[in-house]
Amino acid sequence: MVGTNRGRADVAKRRAESVHRVLDFDDIGQAVAGQFSEQALEALEQNPNVRYTEADGTMEALAQTLPWGVDRVDAETVHANGETGGDNSDGAGGADIAILDTGIDSDHPDLQANLGTGRAFVECTGGSCNTTWDDDDGHGTHCAGIADARDNSEGVVGVSTNATLHAVKVLDNRGSGTFSDVAAGIEWVADQGYDVGSMSLGASSGSQTVRDACQYAVDNGVLLVASAGNSGPCSDCVGYPAAYSTVVAVSATNQDDALADYSSTGPEVEITAPGSSIYSTYVDGAYETLSGTSMSCPHVSGAAGQLMDNGYSNTEARTQLTDTAEDIGLGSNESGSGLLDVEAALGGSGGGGDTVPSVSWVNPSDGETVSGTVTVQIDASDSEDSDDSLDVTYSVDGGSSRSTTYNSTSGYYEDSLDTTGFADGDHTFEASVTDSAGNTSSASITVTMDNAESAPTVDGLSATEVETGDSDAEFDVDWGVSDADGDLSSVDLVLTQDSDGSTEDSATVNLSGDIASGTTRLVAAGDDGSGNSYTVDATVTDSSGNTGSGSTSTSETEDTASAPTVDSYTVTEAGSPNPHAEITADWSVDDADSDLDTVALEVTDSSGSVVDSATNDVTGSTATGTDQFKIKQADGQTFDVVLTVTDAAGQSTSETRTVTE
Amino acid sequence: MTAAGKTFPGPSRTAAMTLESSLVVTVDDGVTFAFTVDNAGDEPRDLTFRDGTTADVVVSEPGDGNGPGAGAEVWRWSDGRMFTQAVRTVTLAPGESLTEELTWSDPPTGTYTAEASLAAADVDAVAGATFDV
């Protein structure tokens with residue numbers, strides 16, 4: 001541990017090989033607990049921001065670390081359910097896991113209680129060889145701790161925690177061993193009847209002897225697991241014995257679930273597991289962080305021990321491991337079936353304690369009637385998995401599975417379902433949920449679909465009389481229609497006279513799409529000037545035959561069109577010396593609706609008596625004429641000349657001019 | 001080296017800037033190759049090994065005089081061996097050296113050339129020697 005001045009833990013963290021914990025004591029300063037090289041400690045002691053360095057002796061003995069790899073493969077979850085690899089779940093004794101490696105530290109406090117019979121095929125050299133199979137390198141002890149370190153109050157915890165470990169020393173103190181020694185170790189494991197042979201070793205070329213030894217072991221019920229190799233980045237480069245079909249080849253991932261850059265890949269890779277920066281047991285009772293496919297291999301070996309303690313045979317366990325591996329998006333040559341998932345692997349066995357997830361329908365609800373597009377909402381939860389991590393699907397009438405997306409706002413798994421693709425009537429909706437352990441449950445409801453409710457509608461309808469010159473009553477009908485499911489077919493318009501119920505006119509307009517509008521003229525023949533009331537009915541139809549309707553009223557207000565008008569009218573007296581009045585009237589008349597009838601003129605004297613008159617028959621829209629009147633003995637008198645123009649409907653307009661003889 | 005053995009110190013070759021490599025071949029009952037890599041620079045050197053292989057030796061028949069190592073390969077230390085698959089990093093301080101002793105236990109009589117190489121990634125440290133059995 002390194003104590004630093006306040007806020008200066010960074011100077012120690014930069015020099016640490018790994019950091020376990022950073023403590024902050026405010027004004028007192030900070031402390032960094034971690035692993036430091038001698039050089040780093042010497043340099044830190046010279047740093048003015050460093051207050052002290054000291055060994056972290058008791059801290060490690062008081063707490064157990066959950067290594068990230070054991071956590072990532074969810075082994076701690078099965079531990080919580082009592083699965084240890086040595087709990088004798090199948091009643092046939094705990095699992096026996098052989099570590100074919102540099103040996104195992106024979107008195108490591110985190111391993112010792114799990115150690116069974118060992119065997120050495122190469123010599124242990126050095127001062128710490130308490131047994132022939134003791135570890136004079138550290139590598140084998142590290143792998144053993146990943147597979148099966150004790151679940152206790154110190155150090156680390158393995159994938160299995162109580163299986164029996166067998167050290168098979170086939171590698172020397174520099175991590176190397178001959179094909180013959182490795183083959184002899186495999187043969188011995190087979191002859192002992194152990195469950196798992198973990199081989200964190202490899203070579204770029206194979207050996208018929210090693211190959212035959214592997215076949216022999218598998219035939220005798222051993223599940224063999226080996227490192228894919230550290231030749232990466234490379235393709236089709238899996239080493240031996242991992243490349244043999246009798247052996248489970250394991251590639252390695254890092255903490256980002258990415259393939260470790262050193263990991264070999266190839267078609268022989270069967271599964272992947274954490275391999276980078278793995279903290280585990282080491283020689284002399286210590287702990288170390290190492291990286292490699294050597295570290296990924298024993299994760300799988302420990303999981304295999306868990307399965308075989310549950311009664312799986314070597315071949316059944318191999319299938320179960322790959323069947324339940326988690327897809328983390330790597331290629332099959334990189335990760336085989338995916339990332340080791342111990343919880344899922346054990347989920348299917350009788351001893352697995354993973355609870356079944358629950359699922360229920362939020363929308364639609366049982367018995368509900370729906371139409372158009374429906375937002376499907378499903379509530380799903382699980383004791384072990386987070387609520388947003390479940391696989392939730394649903395189907396209609398047992399059809400194809402439909403996926404959902406977790407909506408963090410609503411808290412439900414949602415989808416948008418267009419019900420117009422289904423027949424109206426009752427349908428069975430079934431929701432299914434699967435958790436990461438592979439447990440599933442489902443919930444079914446009955447939903448009625450009624451897409452008649454999405455029939456087209458008449459949104460707007462109005463009729464306006466149009467003034468025309470003919471004798472018909474004419475109406476412009478403005479209409480607007482729409483259809484939610486977008487299959488408009490036609491709109492029918494009918495003009496009915498209210499008083500006698502007779503149909504005066506009708507029209508059909510063909511449509512398509514989801515919205516339409518237009519103006520259509522309907523005519524009540526011969527009804528001009530009738531003053532009748534009418535009803536316009538609109539019926540819109542979609543291609544499914546669904547209809548919608550609307551109605552509006554209107555009336556004929558044209559009173560035989562307009563009255564005629566007098567455009568010009570001049571009256572003159574000749575002014576001759578005789579005593580007679582000689583009056584000339586020039587006129588021009590006009591009628592907008594073109595039914596001029598007569599133009600009448602009357603001459604009246606000052607007493608109001610009509611002294612002369614004239615009538616002109618006229619037709620059409622305009623007429624022009626001249627009328628002359630001679631009034632005898634009218635010397636000095638004043639006369640009114642009245643022009644009255646009348647149309648066929650009897651409407652008239654008059655104008656008067658006054659002249660004096 | 002043993003008193004009974006013959007020693008063939010090979011020529012030192014400087015490789016990879018600050019690393020100096022040398023190979024000493026000792027012939028006794030078998031042949032022992034002592035391959036040493038020395039950090040001759042002023043800075044620490046990190047050597048990264050992909051697996052348990054630290055160094056390898058290739059023994060060949062002598063060339064025909066047209067160039068070194070031109071003869072057929074007779075023996076390679078790593079042939080027939082398997083290795084741990086953990087990545088290792090070894091730091092050589094300035095002046096510090098690393099020696100790997102590799103043994104050829106049953107050599108046929110003859111004259112050979114040997115070339116030793118460091119297995120560290122991104123480092124080209126090799127040394128050679130000629131010897132008789």
# chains A, B, ... in the order shown; residues from 1 in each chain; ligands from 1
$ interface_residues --of "chain A" --to "chain B" --cutoff "8 Å" --atoms "only C-alpha atoms" --output "count of residues only"
26
$ residues_around --residues "Ala524 of chain A" --least-positions-apart "5" --cutoff "6 Å" --atoms "only C-alpha atoms" --output "list in words"
Asp472, Ala473 and Glu504 of chain A
$ write_last_selection --atoms "N, CA and C atoms" --output "PDB file, in the first residue's frame"
ATOM      1  N   ASP A 472     -83.089  25.036 -63.766  1.00  0.00           N
ATOM      2  CA  ASP A 472     -82.755  23.997 -62.797  1.00  0.00           C
ATOM      3  C   ASP A 472     -82.259  24.620 -61.502  1.00  0.00           C
ATOM      4  N   ALA A 473     -82.459  23.865 -60.386  1.00  0.00           N
ATOM      5  CA  ALA A 473     -81.839  24.236 -59.111  1.00  0.00           C
ATOM      6  C   ALA A 473     -80.537  23.445 -59.030  1.00  0.00           C
ATOM      7  N   GLU A 504     -83.478  13.646 -56.626  1.00  0.00           N
ATOM      8  CA  GLU A 504     -83.311  14.570 -57.745  1.00  0.00           C
ATOM      9  C   GLU A 504     -82.057  14.261 -58.556  1.00  0.00           C
TER      10      GLU A 504
END
$ residues_around --residues "segment 234-240 of chain A" --least-positions-apart "2" --cutoff "7 Å" --atoms "only C-alpha atoms" --output "PDB file with N, CA and C atoms, in the first residue's frame"
ATOM      1  N   GLY A 202      -0.149 -25.652 -24.991  1.00  0.00           N
ATOM      2  CA  GLY A 202      -0.341 -25.863 -26.415  1.00  0.00           C
ATOM      3  C   GLY A 202       0.943 -25.798 -27.196  1.00  0.00           C
ATOM      4  N   ALA A 203       0.825 -26.267 -28.432  1.00  0.00           N
ATOM      5  CA  ALA A 203       1.931 -26.216 -29.378  1.00  0.00           C
ATOM      6  C   ALA A 203       1.342 -25.929 -30.745  1.00  0.00           C
ATOM      7  N   SER A 204       2.198 -25.407 -31.630  1.00  0.00           N
ATOM      8  CA  SER A 204       1.690 -25.064 -32.956  1.00  0.00           C
ATOM      9  C   SER A 204       1.544 -26.289 -33.843  1.00  0.00           C
ATOM     10  N   SER A 205       2.172 -27.393 -33.442  1.00  0.00           N
ATOM     11  CA  SER A 205       2.003 -28.613 -34.223  1.00  0.00           C
ATOM     12  C   SER A 205       1.533 -29.727 -33.294  1.00  0.00           C
ATOM     13  N   GLY A 206       0.982 -30.754 -33.906  1.00  0.00           N
ATOM     14  CA  GLY A 206       0.376 -31.809 -33.114  1.00  0.00           C
ATOM     15  C   GLY A 206       1.266 -33.022 -32.980  1.00  0.00           C
ATOM     16  N   ALA A 228      -6.994 -22.337 -26.726  1.00  0.00           N
ATOM     17  CA  ALA A 228      -6.906 -22.242 -28.186  1.00  0.00           C
ATOM     18  C   ALA A 228      -5.516 -21.795 -28.620  1.00  0.00           C
ATOM     19  N   GLY A 229      -4.797 -21.067 -27.755  1.00  0.00           N
ATOM     20  CA  GLY A 229      -3.459 -20.586 -28.096  1.00  0.00           C
ATOM     21  C   GLY A 229      -3.389 -19.069 -28.104  1.00  0.00           C
ATOM     22  N   SER A 231      -1.586 -17.082 -30.324  1.00  0.00           N
ATOM     23  CA  SER A 231      -0.902 -16.651 -31.546  1.00  0.00           C
ATOM     24  C   SER A 231      -1.566 -15.455 -32.206  1.00  0.00           C
ATOM     25  N   GLY A 232      -2.606 -14.932 -31.610  1.00  0.00           N
ATOM     26  CA  GLY A 232      -3.387 -13.881 -32.258  1.00  0.00           C
ATOM     27  C   GLY A 232      -2.687 -12.545 -32.286  1.00  0.00           C
ATOM     28  N   ALA A 242      -5.738 -28.348 -28.419  1.00  0.00           N
ATOM     29  CA  ALA A 242      -7.082 -27.757 -28.525  1.00  0.00           C
ATOM     30  C   ALA A 242      -7.725 -28.078 -29.864  1.00  0.00           C
ATOM     31  N   ALA A 243      -6.904 -28.198 -30.917  1.00  0.00           N
ATOM     32  CA  ALA A 243      -7.469 -28.386 -32.256  1.00  0.00           C
ATOM     33  C   ALA A 243      -8.046 -29.777 -32.467  1.00  0.00           C
ATOM     34  N   TYR A 244      -7.731 -30.698 -31.576  1.00  0.00           N
ATOM     35  CA  TYR A 244      -8.300 -32.038 -31.748  1.00  0.00           C
ATOM     36  C   TYR A 244      -9.796 -32.018 -31.466  1.00  0.00           C
ATOM     37  N   SER A 264      -5.848 -16.989 -30.225  1.00  0.00           N
ATOM     38  CA  SER A 264      -5.934 -17.691 -31.497  1.00  0.00           C
ATOM     39  C   SER A 264      -7.398 -17.909 -31.844  1.00  0.00           C
ATOM     40  N   THR A 265      -7.679 -18.010 -33.144  1.00  0.00           N
ATOM     41  CA  THR A 265      -9.046 -18.244 -33.610  1.00  0.00           C
ATOM     42  C   THR A 265      -9.028 -19.342 -34.655  1.00  0.00           C
ATOM     43  N   GLY A 266     -10.187 -19.872 -34.939  1.00  0.00           N
ATOM     44  CA  GLY A 266     -10.293 -20.888 -35.971  1.00  0.00           C
ATOM     45  C   GLY A 266     -11.547 -21.714 -35.790  1.00  0.00           C
ATOM     46  N   PRO A 267     -11.841 -22.563 -36.753  1.00  0.00           N
ATOM     47  CA  PRO A 267     -13.093 -23.335 -36.708  1.00  0.00           C
ATOM     48  C   PRO A 267     -13.154 -24.300 -35.524  1.00  0.00           C
ATOM     49  N   GLU A 268     -12.000 -24.626 -34.935  1.00  0.00           N
ATOM     50  CA  GLU A 268     -12.031 -25.550 -33.800  1.00  0.00           C
ATOM     51  C   GLU A 268     -12.482 -24.871 -32.513  1.00  0.00           C
TER      52      GLU A 268
END
$ select_by_dssp --residues "segment 98-248 of chain A" --states "strand (DSSP E or B)" --output "JSON, numbers by chain"
{"A": [98, 99, 100, 101, 115, 119, 120, 155, 156, 164, 165, 166, 167, 168, 169, 176, 177, 178, 196, 197, 198, 199, 201, 202, 203, 223, 224, 225, 226, 227, 240, 247, 248]}
$ residues_around --residues "Asp56 of chain B" --least-positions-apart "3" --cutoff "9 Å" --atoms "only C-alpha atoms" --output "ChimeraX atom specification"
/B:35,53,76-78,100,102,115-119
$ residues_around --residues "Ala226 of chain A" --least-positions-apart "4" --cutoff "7 Å" --atoms "only C-alpha atoms" --output "ChimeraX atom specification"
/A:198-201,241-242,247-250,297
$ write_last_selection --atoms "N, CA and C atoms" --output "PDB file, in the first residue's frame"
ATOM      1  N   SER A 198      -7.985 -30.286 -17.582  1.00  0.00           N
ATOM      2  CA  SER A 198      -7.823 -28.889 -17.984  1.00  0.00           C
ATOM      3  C   SER A 198      -6.400 -28.686 -18.474  1.00  0.00           C
ATOM      4  N   MET A 199      -6.273 -28.291 -19.761  1.00  0.00           N
ATOM      5  CA  MET A 199      -4.950 -28.189 -20.372  1.00  0.00           C
ATOM      6  C   MET A 199      -4.693 -26.770 -20.869  1.00  0.00           C
ATOM      7  N   SER A 200      -4.113 -25.950 -19.982  1.00  0.00           N
ATOM      8  CA  SER A 200      -3.739 -24.589 -20.352  1.00  0.00           C
ATOM      9  C   SER A 200      -2.341 -24.623 -20.969  1.00  0.00           C
ATOM     10  N   LEU A 201      -2.258 -25.347 -22.068  1.00  0.00           N
ATOM     11  CA  LEU A 201      -0.976 -25.537 -22.733  1.00  0.00           C
ATOM     12  C   LEU A 201      -1.239 -25.758 -24.213  1.00  0.00           C
ATOM     13  N   PRO A 241      -3.150 -29.350 -27.988  1.00  0.00           N
ATOM     14  CA  PRO A 241      -4.209 -30.300 -28.361  1.00  0.00           C
ATOM     15  C   PRO A 241      -5.588 -29.694 -28.570  1.00  0.00           C
ATOM     16  N   ALA A 242      -5.738 -28.348 -28.419  1.00  0.00           N
ATOM     17  CA  ALA A 242      -7.082 -27.757 -28.525  1.00  0.00           C
ATOM     18  C   ALA A 242      -7.725 -28.078 -29.864  1.00  0.00           C
ATOM     19  N   VAL A 247     -11.244 -32.419 -27.972  1.00  0.00           N
ATOM     20  CA  VAL A 247     -10.916 -31.427 -26.956  1.00  0.00           C
ATOM     21  C   VAL A 247     -11.735 -30.152 -27.191  1.00  0.00           C
ATOM     22  N   VAL A 248     -12.237 -29.573 -26.101  1.00  0.00           N
ATOM     23  CA  VAL A 248     -12.950 -28.297 -26.182  1.00  0.00           C
ATOM     24  C   VAL A 248     -11.906 -27.178 -26.284  1.00  0.00           C
ATOM     25  N   ALA A 249     -11.876 -26.480 -27.431  1.00  0.00           N
ATOM     26  CA  ALA A 249     -10.927 -25.383 -27.631  1.00  0.00           C
ATOM     27  C   ALA A 249     -11.537 -24.090 -27.123  1.00  0.00           C
ATOM     28  N   VAL A 250     -10.796 -23.373 -26.267  1.00  0.00           N
ATOM     29  CA  VAL A 250     -11.333 -22.176 -25.613  1.00  0.00           C
ATOM     30  C   VAL A 250     -10.509 -20.959 -26.024  1.00  0.00           C
ATOM     31  N   CYS A 297      -9.211 -21.151 -20.411  1.00  0.00           N
ATOM     32  CA  CYS A 297      -9.451 -22.605 -20.367  1.00  0.00           C
ATOM     33  C   CYS A 297      -9.994 -23.074 -19.011  1.00  0.00           C
TER      34      CYS A 297
END
$ residues_around --residues "segment 606-612 of chain A" --least-positions-apart "3" --cutoff "7 Å" --atoms "only C-alpha atoms" --output "ChimeraX atom specification"
/A:602-603,629,638-639
$ select_by_dssp --residues "segment 64-297 of chain A" --states "helix (DSSP H, G or I)" --output "PyMOL selection string"
chain A and resi 68-72+75-80+112-114+139-148+179-192+208-219+293-297
$ closest_residue --among "B:Thr109, B:Thr48, B:Thr103, B:Ser60" --to "Thr91 of chain B" --atoms "only C-alpha atoms"
B:Thr48
$ closest_residue --among "B:Thr130, B:Thr111, B:Ser105, B:Ser22" --to "Asn39 of chain B" --atoms "only C-alpha atoms"
B:Ser22
$ closest_residue --among "B:Val57, B:Leu98, B:Ala72, B:Val126" --to "Phe33 of chain B" --atoms "only C-alpha atoms"
B:Val57
$ atom_distance --atom1 "atom CA of Thr644 of chain A" --atom2 "atom CA of Thr658 of chain A"
14.7 Å
$ atom_distance --atom1 "atom CA of Glu556 of chain A" --atom2 "atom CA of Ala592 of chain A"
18.0 Å
$ residues_around --residues "Glu61 of chain B" --least-positions-apart "2" --cutoff "9 Å" --atoms "only C-alpha atoms" --output "PDB file with N, CA and C atoms, in the first residue's frame"
ATOM      1  N   VAL B  59      19.298 -26.318 -34.848  1.00  0.00           N
ATOM      2  CA  VAL B  59      20.594 -26.880 -35.231  1.00  0.00           C
ATOM      3  C   VAL B  59      20.485 -27.364 -36.677  1.00  0.00           C
ATOM      4  N   GLY B  63      26.577 -25.217 -43.734  1.00  0.00           N
ATOM      5  CA  GLY B  63      26.311 -24.823 -45.105  1.00  0.00           C
ATOM      6  C   GLY B  63      27.438 -25.241 -46.013  1.00  0.00           C
ATOM      7  N   GLY B  69      24.159 -21.105 -42.082  1.00  0.00           N
ATOM      8  CA  GLY B  69      22.901 -21.788 -41.845  1.00  0.00           C
ATOM      9  C   GLY B  69      22.239 -22.301 -43.096  1.00  0.00           C
ATOM     10  N   ALA B  70      22.994 -22.583 -44.095  1.00  0.00           N
ATOM     11  CA  ALA B  70      22.381 -22.991 -45.353  1.00  0.00           C
ATOM     12  C   ALA B  70      22.040 -24.462 -45.367  1.00  0.00           C
ATOM     13  N   GLY B  71      22.529 -25.236 -44.389  1.00  0.00           N
ATOM     14  CA  GLY B  71      22.314 -26.677 -44.408  1.00  0.00           C
ATOM     15  C   GLY B  71      20.936 -27.066 -43.912  1.00  0.00           C
ATOM     16  N   ALA B  72      20.643 -28.356 -44.028  1.00  0.00           N
ATOM     17  CA  ALA B  72      19.337 -28.872 -43.626  1.00  0.00           C
ATOM     18  C   ALA B  72      19.192 -28.823 -42.108  1.00  0.00           C
ATOM     19  N   GLU B  73      17.945 -28.544 -41.640  1.00  0.00           N
ATOM     20  CA  GLU B  73      17.670 -28.493 -40.205  1.00  0.00           C
ATOM     21  C   GLU B  73      17.733 -29.900 -39.619  1.00  0.00           C
ATOM     22  N   VAL B  74      18.472 -30.064 -38.525  1.00  0.00           N
ATOM     23  CA  VAL B  74      18.655 -31.361 -37.893  1.00  0.00           C
ATOM     24  C   VAL B  74      17.802 -31.495 -36.629  1.00  0.00           C
ATOM     25  N   GLY B 110      28.793 -35.304 -35.497  1.00  0.00           N
ATOM     26  CA  GLY B 110      28.848 -34.476 -36.692  1.00  0.00           C
ATOM     27  C   GLY B 110      29.242 -33.059 -36.374  1.00  0.00           C
ATOM     28  N   THR B 111      29.276 -32.239 -37.391  1.00  0.00           N
ATOM     29  CA  THR B 111      29.550 -30.813 -37.254  1.00  0.00           C
ATOM     30  C   THR B 111      28.263 -30.064 -37.579  1.00  0.00           C
ATOM     31  N   TYR B 112      27.938 -29.090 -36.709  1.00  0.00           N
ATOM     32  CA  TYR B 112      26.656 -28.408 -36.846  1.00  0.00           C
ATOM     33  C   TYR B 112      26.803 -26.899 -36.655  1.00  0.00           C
ATOM     34  N   THR B 113      25.808 -26.209 -37.144  1.00  0.00           N
ATOM     35  CA  THR B 113      25.676 -24.800 -36.770  1.00  0.00           C
ATOM     36  C   THR B 113      24.397 -24.678 -35.950  1.00  0.00           C
ATOM     37  N   ALA B 114      24.432 -23.784 -34.977  1.00  0.00           N
ATOM     38  CA  ALA B 114      23.256 -23.543 -34.135  1.00  0.00           C
ATOM     39  C   ALA B 114      22.883 -22.067 -34.209  1.00  0.00           C
TER      40      ALA B 114
END
$ atom_distance --atom1 "atom CA of His108 of chain A" --atom2 "atom CA of Cys143 of chain A"
13.0 Å
$ closest_residue --among "B:Asp46, B:Asp28, B:Glu101, B:Asp38" --to "Phe131 of chain B" --atoms "only C-alpha atoms"
B:Asp28
